[in-house]
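*Asks:* Supplied structure: structure_10.csv, CSV, C-alpha atoms.
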```csv
chain,number,residue,atom,x,y,z
H,87,MET,CA,29.1,-8.7,-20.3
H,88,LEU,CA,31.7,-11.4,-19.6
H,89,PHE,CA,34.1,-10.1,-22.3
H,90,ASP,CA,33.6,-6.5,-21.1
H,91,ILE,CA,34.7,-7.4,-17.6
H,92,LEU,CA,37.6,-9.5,-18.8
H,93,ASN,CA,38.8,-6.6,-20.9
H,94,LEU,CA,38.8,-4.2,-18.0
H,95,ASP,CA,42.2,-2.5,-17.3
H,96,ALA,CA,42.2,-3.9,-13.8
H,97,PRO,CA,43.9,-6.7,-11.7
H,98,MET,CA,42.4,-10.1,-12.1
H,99,SER,CA,41.3,-10.1,-8.5
H,100,GLU,CA,39.2,-7.0,-9.2
H,101,LYS,CA,37.7,-8.6,-12.3
H,102,ILE,CA,36.7,-11.6,-10.3
H,103,MET,CA,35.2,-9.3,-7.7
H,104,TYR,CA,33.2,-7.5,-10.4
H,105,LEU,CA,32.0,-10.8,-11.9
H,106,THR,CA,31.0,-12.3,-8.5
H,107,VAL,CA,28.9,-9.3,-7.5
H,108,MET,CA,27.2,-9.1,-10.9
H,109,VAL,CA,26.3,-12.8,-10.8
H,110,MET,CA,24.9,-12.4,-7.3
H,111,VAL,CA,22.8,-9.4,-8.4
H,112,LEU,CA,21.6,-11.0,-11.6
H,113,THR,CA,20.6,-14.3,-10.0
H,114,PHE,CA,18.6,-12.4,-7.3
H,115,THR,CA,17.0,-10.1,-9.9
H,116,PHE,CA,15.9,-13.1,-12.0
H,117,SER,CA,14.8,-15.0,-9.0
H,118,ILE,CA,12.6,-12.3,-7.4
H,119,HIS,CA,11.1,-11.6,-10.9
H,120,GLU,CA,10.0,-15.2,-11.6
H,121,PHE,CA,9.1,-15.8,-7.9
H,122,MET,CA,6.5,-13.0,-8.1
H,123,HIS,CA,5.1,-14.3,-11.3
H,124,ALA,CA,4.6,-17.7,-9.7
H,125,TRP,CA,3.3,-16.3,-6.4
H,126,VAL,CA,0.7,-14.1,-8.1
H,127,ALA,CA,-0.4,-17.0,-10.4
H,128,GLU,CA,-1.1,-19.1,-7.3
H,129,LYS,CA,-3.0,-16.2,-5.7
H,130,MET,CA,-5.1,-16.0,-8.9
H,131,GLY,CA,-6.1,-19.7,-8.4
H,132,ASP,CA,-3.5,-21.8,-10.2
H,133,ASP,CA,-1.2,-24.2,-8.3
H,134,THR,CA,0.9,-25.1,-11.4
H,135,PRO,CA,3.9,-22.9,-10.3
H,136,ARG,CA,3.9,-24.5,-6.8
H,137,ARG,CA,3.8,-28.0,-8.3
H,138,GLN,CA,6.7,-27.1,-10.6
H,139,GLY,CA,8.7,-25.7,-7.6
H,140,ARG,CA,8.7,-22.1,-8.9
H,141,ILE,CA,7.5,-20.4,-5.7
H,142,THR,CA,11.0,-20.0,-4.4
H,143,LEU,CA,13.9,-17.6,-4.4
H,144,ASN,CA,16.3,-20.4,-5.2
H,145,PRO,CA,17.9,-19.3,-8.5
H,146,MET,CA,18.3,-22.9,-9.7
H,147,ALA,CA,14.5,-23.1,-10.1
H,148,HIS,CA,14.5,-20.2,-12.4
H,149,ILE,CA,17.7,-20.3,-14.5
H,150,ASP,CA,17.3,-20.8,-18.2
H,151,PRO,CA,20.6,-22.2,-19.7
H,152,LEU,CA,20.4,-20.3,-23.0
H,153,GLY,CA,19.2,-17.1,-21.4
H,154,THR,CA,22.1,-17.3,-18.9
H,155,VAL,CA,24.7,-17.9,-21.7
H,156,MET,CA,23.2,-14.9,-23.7
H,157,LEU,CA,23.4,-12.7,-20.6
H,158,LEU,CA,27.1,-13.5,-20.0
H,159,LEU,CA,28.1,-13.2,-23.6
H,160,ALA,CA,25.8,-10.4,-25.0
H,161,GLY,CA,24.6,-8.6,-21.9
H,162,PHE,CA,20.9,-9.5,-22.4
H,163,GLY,CA,19.3,-12.7,-21.2
H,164,TRP,CA,16.2,-14.2,-19.6
H,165,ALA,CA,15.1,-16.6,-17.0
H,166,LYS,CA,12.8,-19.7,-17.3
H,167,PRO,CA,9.2,-18.5,-17.9
H,168,VAL,CA,6.7,-19.4,-15.2
H,169,GLN,CA,4.0,-21.7,-16.6
H,170,TYR,CA,0.4,-21.5,-15.5
H,171,ASN,CA,-3.0,-22.8,-16.6
H,172,PRO,CA,-5.3,-20.0,-17.7
H,173,ASN,CA,-8.3,-22.2,-17.1
H,174,ASN,CA,-7.5,-22.3,-13.4
H,175,LEU,CA,-7.4,-18.5,-12.9
H,176,LYS,CA,-10.7,-17.9,-11.0
H,177,ARG,CA,-9.9,-15.0,-8.6
H,178,PHE,CA,-11.0,-12.4,-11.2
H,179,LYS,CA,-11.8,-12.5,-14.9
H,180,ARG,CA,-9.2,-14.5,-16.8
H,181,TRP,CA,-7.7,-11.5,-18.7
H,182,THR,CA,-7.5,-9.5,-15.4
H,183,CYS,CA,-5.7,-12.4,-13.7
H,184,GLU,CA,-3.2,-12.7,-16.6
H,185,ARG,CA,-2.5,-9.0,-16.5
H,186,TYR,CA,-1.7,-9.2,-12.8
H,187,ILE,CA,0.6,-12.1,-13.4
H,188,SER,CA,2.4,-10.5,-16.4
H,189,LEU,CA,3.1,-7.3,-14.4
H,190,ALA,CA,4.1,-9.0,-11.1
H,191,GLY,CA,7.7,-9.5,-12.1
H,192,VAL,CA,8.4,-6.0,-13.3
H,193,THR,CA,6.6,-4.6,-10.3
H,194,ALA,CA,9.0,-6.5,-8.0
H,195,ASN,CA,12.0,-5.2,-10.1
H,196,PHE,CA,10.7,-1.7,-9.7
H,197,VAL,CA,10.4,-2.0,-5.9
H,198,ILE,CA,13.9,-3.5,-5.6
H,199,GLY,CA,15.4,-0.9,-7.9
H,200,PHE,CA,13.6,1.9,-5.9
H,201,ILE,CA,14.9,0.6,-2.5
H,202,ALA,CA,18.5,0.1,-3.9
H,203,THR,CA,18.5,3.6,-5.3
H,204,LEU,CA,17.9,5.0,-1.8
H,205,ILE,CA,20.5,2.7,-0.2
H,206,VAL,CA,23.3,3.5,-2.6
H,207,PRO,CA,24.0,6.9,-1.2
H,208,LEU,CA,24.1,5.4,2.3
H,209,THR,CA,26.6,2.7,1.3
H,210,ARG,CA,28.7,5.4,-0.5
H,211,TYR,CA,28.7,7.5,2.7
H,212,TRP,CA,29.8,4.4,4.7
H,213,CYS,CA,32.5,3.6,2.0
H,214,ILE,CA,34.0,7.1,2.4
H,215,LYS,CA,33.9,7.0,6.2
H,216,THR,CA,35.8,3.7,6.2
H,217,ILE,CA,38.8,4.9,4.2
H,218,ASP,CA,41.0,5.2,7.3
H,219,ASP,CA,39.7,2.0,8.9
H,220,GLY,CA,42.0,-0.4,7.2
H,221,ARG,CA,42.0,-2.2,3.8
H,222,THR,CA,39.7,-5.0,4.8
H,223,ILE,CA,36.9,-2.8,6.1
H,224,GLN,CA,37.3,-0.5,3.1
H,225,MET,CA,37.1,-3.5,0.7
H,226,ILE,CA,33.9,-4.8,2.4
H,227,ALA,CA,32.3,-1.3,2.2
H,228,SER,CA,33.2,-1.1,-1.5
H,229,LEU,CA,31.7,-4.5,-2.2
H,230,VAL,CA,28.5,-3.5,-0.4
H,231,GLU,CA,28.3,-0.3,-2.4
H,232,MET,CA,29.0,-2.1,-5.7
H,233,PHE,CA,26.3,-4.7,-4.9
H,234,PHE,CA,23.5,-2.1,-4.3
H,235,TYR,CA,24.7,0.0,-7.3
H,236,PHE,CA,24.4,-3.0,-9.7
H,237,LEU,CA,21.2,-4.0,-7.9
H,238,ARG,CA,19.7,-0.7,-8.8
H,239,GLU,CA,21.0,-0.7,-12.4
H,240,TYR,CA,20.0,-4.2,-13.3
H,241,ASN,CA,16.6,-4.1,-11.8
H,242,PHE,CA,15.6,-1.0,-13.7
H,243,LEU,CA,17.1,-2.4,-16.9
H,244,PHE,CA,15.5,-5.8,-16.4
H,245,LEU,CA,12.2,-4.1,-15.8
H,246,ALA,CA,12.5,-2.1,-19.0
H,247,PHE,CA,13.7,-5.1,-21.0
H,248,ASN,CA,10.7,-7.2,-19.9
H,249,LEU,CA,8.2,-4.4,-20.7
H,250,LEU,CA,9.2,-4.5,-24.4
H,251,PRO,CA,6.1,-5.8,-26.3
H,252,ILE,CA,8.1,-8.6,-27.9
H,253,PRO,CA,7.3,-12.3,-27.2
H,254,PRO,CA,7.8,-13.9,-24.8
H,255,LEU,CA,8.5,-10.9,-22.6
H,256,ASP,CA,6.0,-9.6,-20.0
H,257,GLY,CA,5.2,-6.5,-22.1
H,258,TYR,CA,3.9,-8.8,-24.9
H,259,ARG,CA,2.0,-11.0,-22.4
H,260,PHE,CA,0.3,-7.9,-21.0
H,261,VAL,CA,-0.5,-6.4,-24.4
H,262,SER,CA,-1.8,-9.8,-25.7
H,263,THR,CA,-4.6,-9.8,-23.1
H,264,PHE,CA,-6.1,-7.0,-25.1
H,265,ILE,CA,-5.9,-8.8,-28.5
H,266,PRO,CA,-9.2,-10.1,-29.7
H,267,PHE,CA,-9.4,-13.9,-29.2
H,268,LYS,CA,-9.8,-14.6,-33.0
H,269,TRP,CA,-6.4,-13.0,-33.6
H,270,ARG,CA,-4.6,-14.7,-30.7
H,271,ASN,CA,-3.5,-17.7,-32.7
H,272,THR,CA,-1.9,-15.5,-35.4
H,273,PHE,CA,0.1,-13.6,-32.8
H,274,ASP,CA,1.1,-16.7,-31.0
H,275,THR,CA,2.4,-18.2,-34.3
H,276,LEU,CA,4.4,-15.1,-34.9
H,277,ALA,CA,5.7,-15.2,-31.3
H,278,GLN,CA,7.8,-18.3,-32.1
H,279,TYR,CA,10.1,-16.2,-34.3
H,280,SER,CA,10.8,-13.7,-31.5
H,281,TYR,CA,14.1,-15.2,-30.6
H,282,PHE,CA,15.4,-14.4,-34.1
H,283,VAL,CA,14.4,-10.8,-33.5
H,284,PHE,CA,16.4,-10.8,-30.2
H,285,PHE,CA,19.4,-12.3,-31.8
H,286,ALA,CA,19.3,-9.8,-34.7
H,287,LEU,CA,19.0,-6.8,-32.3
H,288,ILE,CA,21.8,-8.2,-30.1
H,289,LEU,CA,24.1,-8.7,-33.1
H,290,LEU,CA,23.4,-5.3,-34.4
H,291,GLY,CA,24.4,-3.9,-31.0
H,292,ARG,CA,27.6,-5.9,-30.8
H,293,PHE,CA,28.8,-5.3,-34.3
H,294,GLY,CA,27.1,-2.0,-35.2
H,295,ASN,CA,27.8,1.6,-34.1
H,296,GLN,CA,24.7,1.8,-32.1
H,297,SER,CA,22.5,-0.7,-30.2
H,298,LEU,CA,18.8,-0.3,-30.9
H,299,LEU,CA,17.9,-2.7,-28.1
H,300,SER,CA,20.0,-0.8,-25.6
H,301,ASP,CA,18.4,2.5,-26.7
H,302,LEU,CA,14.9,1.0,-26.4
H,303,ILE,CA,15.6,-0.4,-22.9
H,304,ASN,CA,17.1,2.9,-21.7
H,305,LEU,CA,14.1,4.8,-23.1
H,306,VAL,CA,11.6,2.6,-21.3
H,307,ALA,CA,13.6,2.7,-18.1
H,308,LYS,CA,13.9,6.5,-18.0
H,309,PRO,CA,10.4,7.3,-16.6
H,310,PHE,CA,10.6,4.5,-13.9
H,311,ARG,CA,14.0,5.8,-12.8
H,312,TYR,CA,13.1,9.4,-12.5
H,313,GLY,CA,11.3,9.5,-9.2
H,314,PRO,CA,13.7,7.2,-7.3
H,315,ASP,CA,16.7,9.1,-8.8
H,316,GLN,CA,15.3,12.4,-7.5
H,317,LEU,CA,14.9,10.9,-4.0
H,318,GLY,CA,18.4,9.4,-4.2
H,319,LYS,CA,19.7,12.8,-5.2
H,320,MET,CA,18.2,14.4,-2.1
H,321,ILE,CA,19.9,11.8,0.1
H,322,TYR,CA,23.3,12.4,-1.7
H,323,GLU,CA,22.9,16.1,-0.9
H,324,ALA,CA,21.8,15.5,2.7
H,325,LEU,CA,24.8,13.3,3.3
H,326,ASN,CA,27.1,15.6,1.3
H,327,VAL,CA,28.7,12.7,-0.7
H,328,PRO,CA,29.7,12.6,-4.4
H,329,ARG,CA,27.4,10.8,-6.8
H,330,ARG,CA,30.3,9.3,-8.7
H,331,LEU,CA,30.7,5.6,-8.0
H,332,ARG,CA,33.7,4.8,-5.9
H,333,LEU,CA,35.1,1.4,-6.8
```
Please express what this file holds, its structure, as structure tokens.

*Replies:*
Amino acid sequence: MLFDILNLDAPMSEKIMYLTVMVMVLTFTFSIHEFMHAWVAEKMGDDTPRRQGRITLNPMAHIDPLGTVMLLLAGFGWAKPVQYNPNNLKRFKRWTCERYISLAGVTANFVIGFIATLIVPLTRYWCIKTIDDGRTIQMIASLVEMFFYFLREYNFLFLAFNLLPIPPLDGYRFVSTFIPFKWRNTFDTLAQYSYFVFFALILLGRFGNQSLLSDLINLVAKPFRYGPDQLGKMIYEALNVPRRLRL
């Protein structure tokens, strides 16, 4: 992602603007995702996330150094997983509690992506209306539009990425609750090699003709985006503004 921005045919000031907005969006996306994991874990009966300082929207509590580097260099990354003690989950049956925890983050990303999808047409309308109001006002409007556009895109992509049934992602955590207990150790042993799977998929995408990981993410994201996109389209038509992003 970092290299893609730096290679843009645009002034350096515009590249810095792109990068700043993306960093803001991504840190918020990661933070709300992990915050919801931690918050739901506490509601299920475990105070481990609170004791570790994870029930916060402060991105510094959730950033994983390696995941952040991979995000900037390869376009795919991760935050620090929220830890919880399964033995403390007393609100419902243990597996039910773990399913709620595993789906909490992606649910938050869906809600944020849904709201951002509805806001983007409004910011685009405002952006168009401020064309004659001076360069400063137009730049602010463009930045707001860009923020919500990337907020929509990255929340749906992060949702889809986390739903992949590959350890240690939420999709695997959810699916693993249905695995018979006697097989759990085998699957947990295989899970330690998951990072090699990610690196292989990322390298294939960077140096190959087609990215299997990107294709999988877009395929998973498609049904989640359909409803919000249809409502967003109705707002575009009601406001009579073009759907093409104005940057």

*Asks:* How would you write as a PyMOL selection string the residues that get within 8 Å of (-5.9, -18.5, -8.4) in the file's frame, counting all atoms listed in the file?

*Replies:* chain H and resi 126-133+174-177

*Asks:* Could you tell me how far atom CA of Phe233 of chain H sits from atom CA of Val107 of chain H, in Å to one decimal place?

*Replies:*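 Taking atom CA of Val107 of chain H and atom CA of Phe233 of chain H, their separation equals 5.9 Å.
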
*Asks:* In terms of the shortest atom-to-atom distance over all atoms listed in the file, which of H:Leu250, H:Ile118, H:Ile102, H:Ile187 is closest to Ile149 of chain H?

*Replies:* H:Ile118

*Asks:* Please indicate the distance in Å from atom CA of Thr115 of chain H to atom CA of Asn248 of chain H, rounded to one decimal place.

*Replies:*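 Pair atom CA of Thr115 of chain H / atom CA of Asn248 of chain H returns 12.2 Å.
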
*Asks:* Using only C-alpha atoms, pick whichever of H:Phe116, H:Phe267, H:Phe260, H:Tyr312 has the shortest atom-to-atom distance to Thr154 of chain H.

*Replies:*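 Closest to Thr154 of chain H of all the choices is H:Phe116.
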
*Asks:* In terms of the shortest atom-to-atom distance over all atoms listed in the file, which of H:Asn171, H:Asn241, H:Thr263, H:Thr142 is closest to Gly191 of chain H?

*Replies:*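 So, comparing all the options, the nearest one is H:Asn241.
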
*Asks:* Please measure the separation of atom CA of Gly139 of chain H and atom CA of Phe121 of chain H, giving the value in Å to one decimal.

*Replies:* 9.9 Å

*Asks:* With distances taken over all atoms listed in the file, which residue among H:Arg259, H:Thr106, H:Met225, H:Phe200 lies nearest Trp212 of chain H?

*Replies:*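 Selected residue with least distance to Trp212 of chain H: H:Met225.
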
*Asks:* Write out as a list in words the residues lying within 10 Å of Arg329 of chain H, counting all atoms listed in the file and excluding same-chain residues fewer than 2 positions away.

*Replies:*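 That gives Val206, Pro207, Arg210, Gly318, Lys319, Tyr322, Glu323, Asn326, Val327, Leu331 and Arg332 of chain H.
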
*Asks:* If we count all atoms listed in the file and set the cut-off at 12 Å, which residues sit around Asn195 of chain H, ignoring sequence neighbours fewer than 4 positions away in its own chain? Please answer as a ChimeraX atom specification.

*Replies:* /H:111-112,114-123,189-191,199-203,237-249,307,310-311

*Asks:* Find the residue from H:Leu204, H:Asp256, H:Ile214, H:Asp301 that sits nearest to Tyr235 of chain H; use all atoms listed in the file when measuring.

*Replies:* H:Leu204
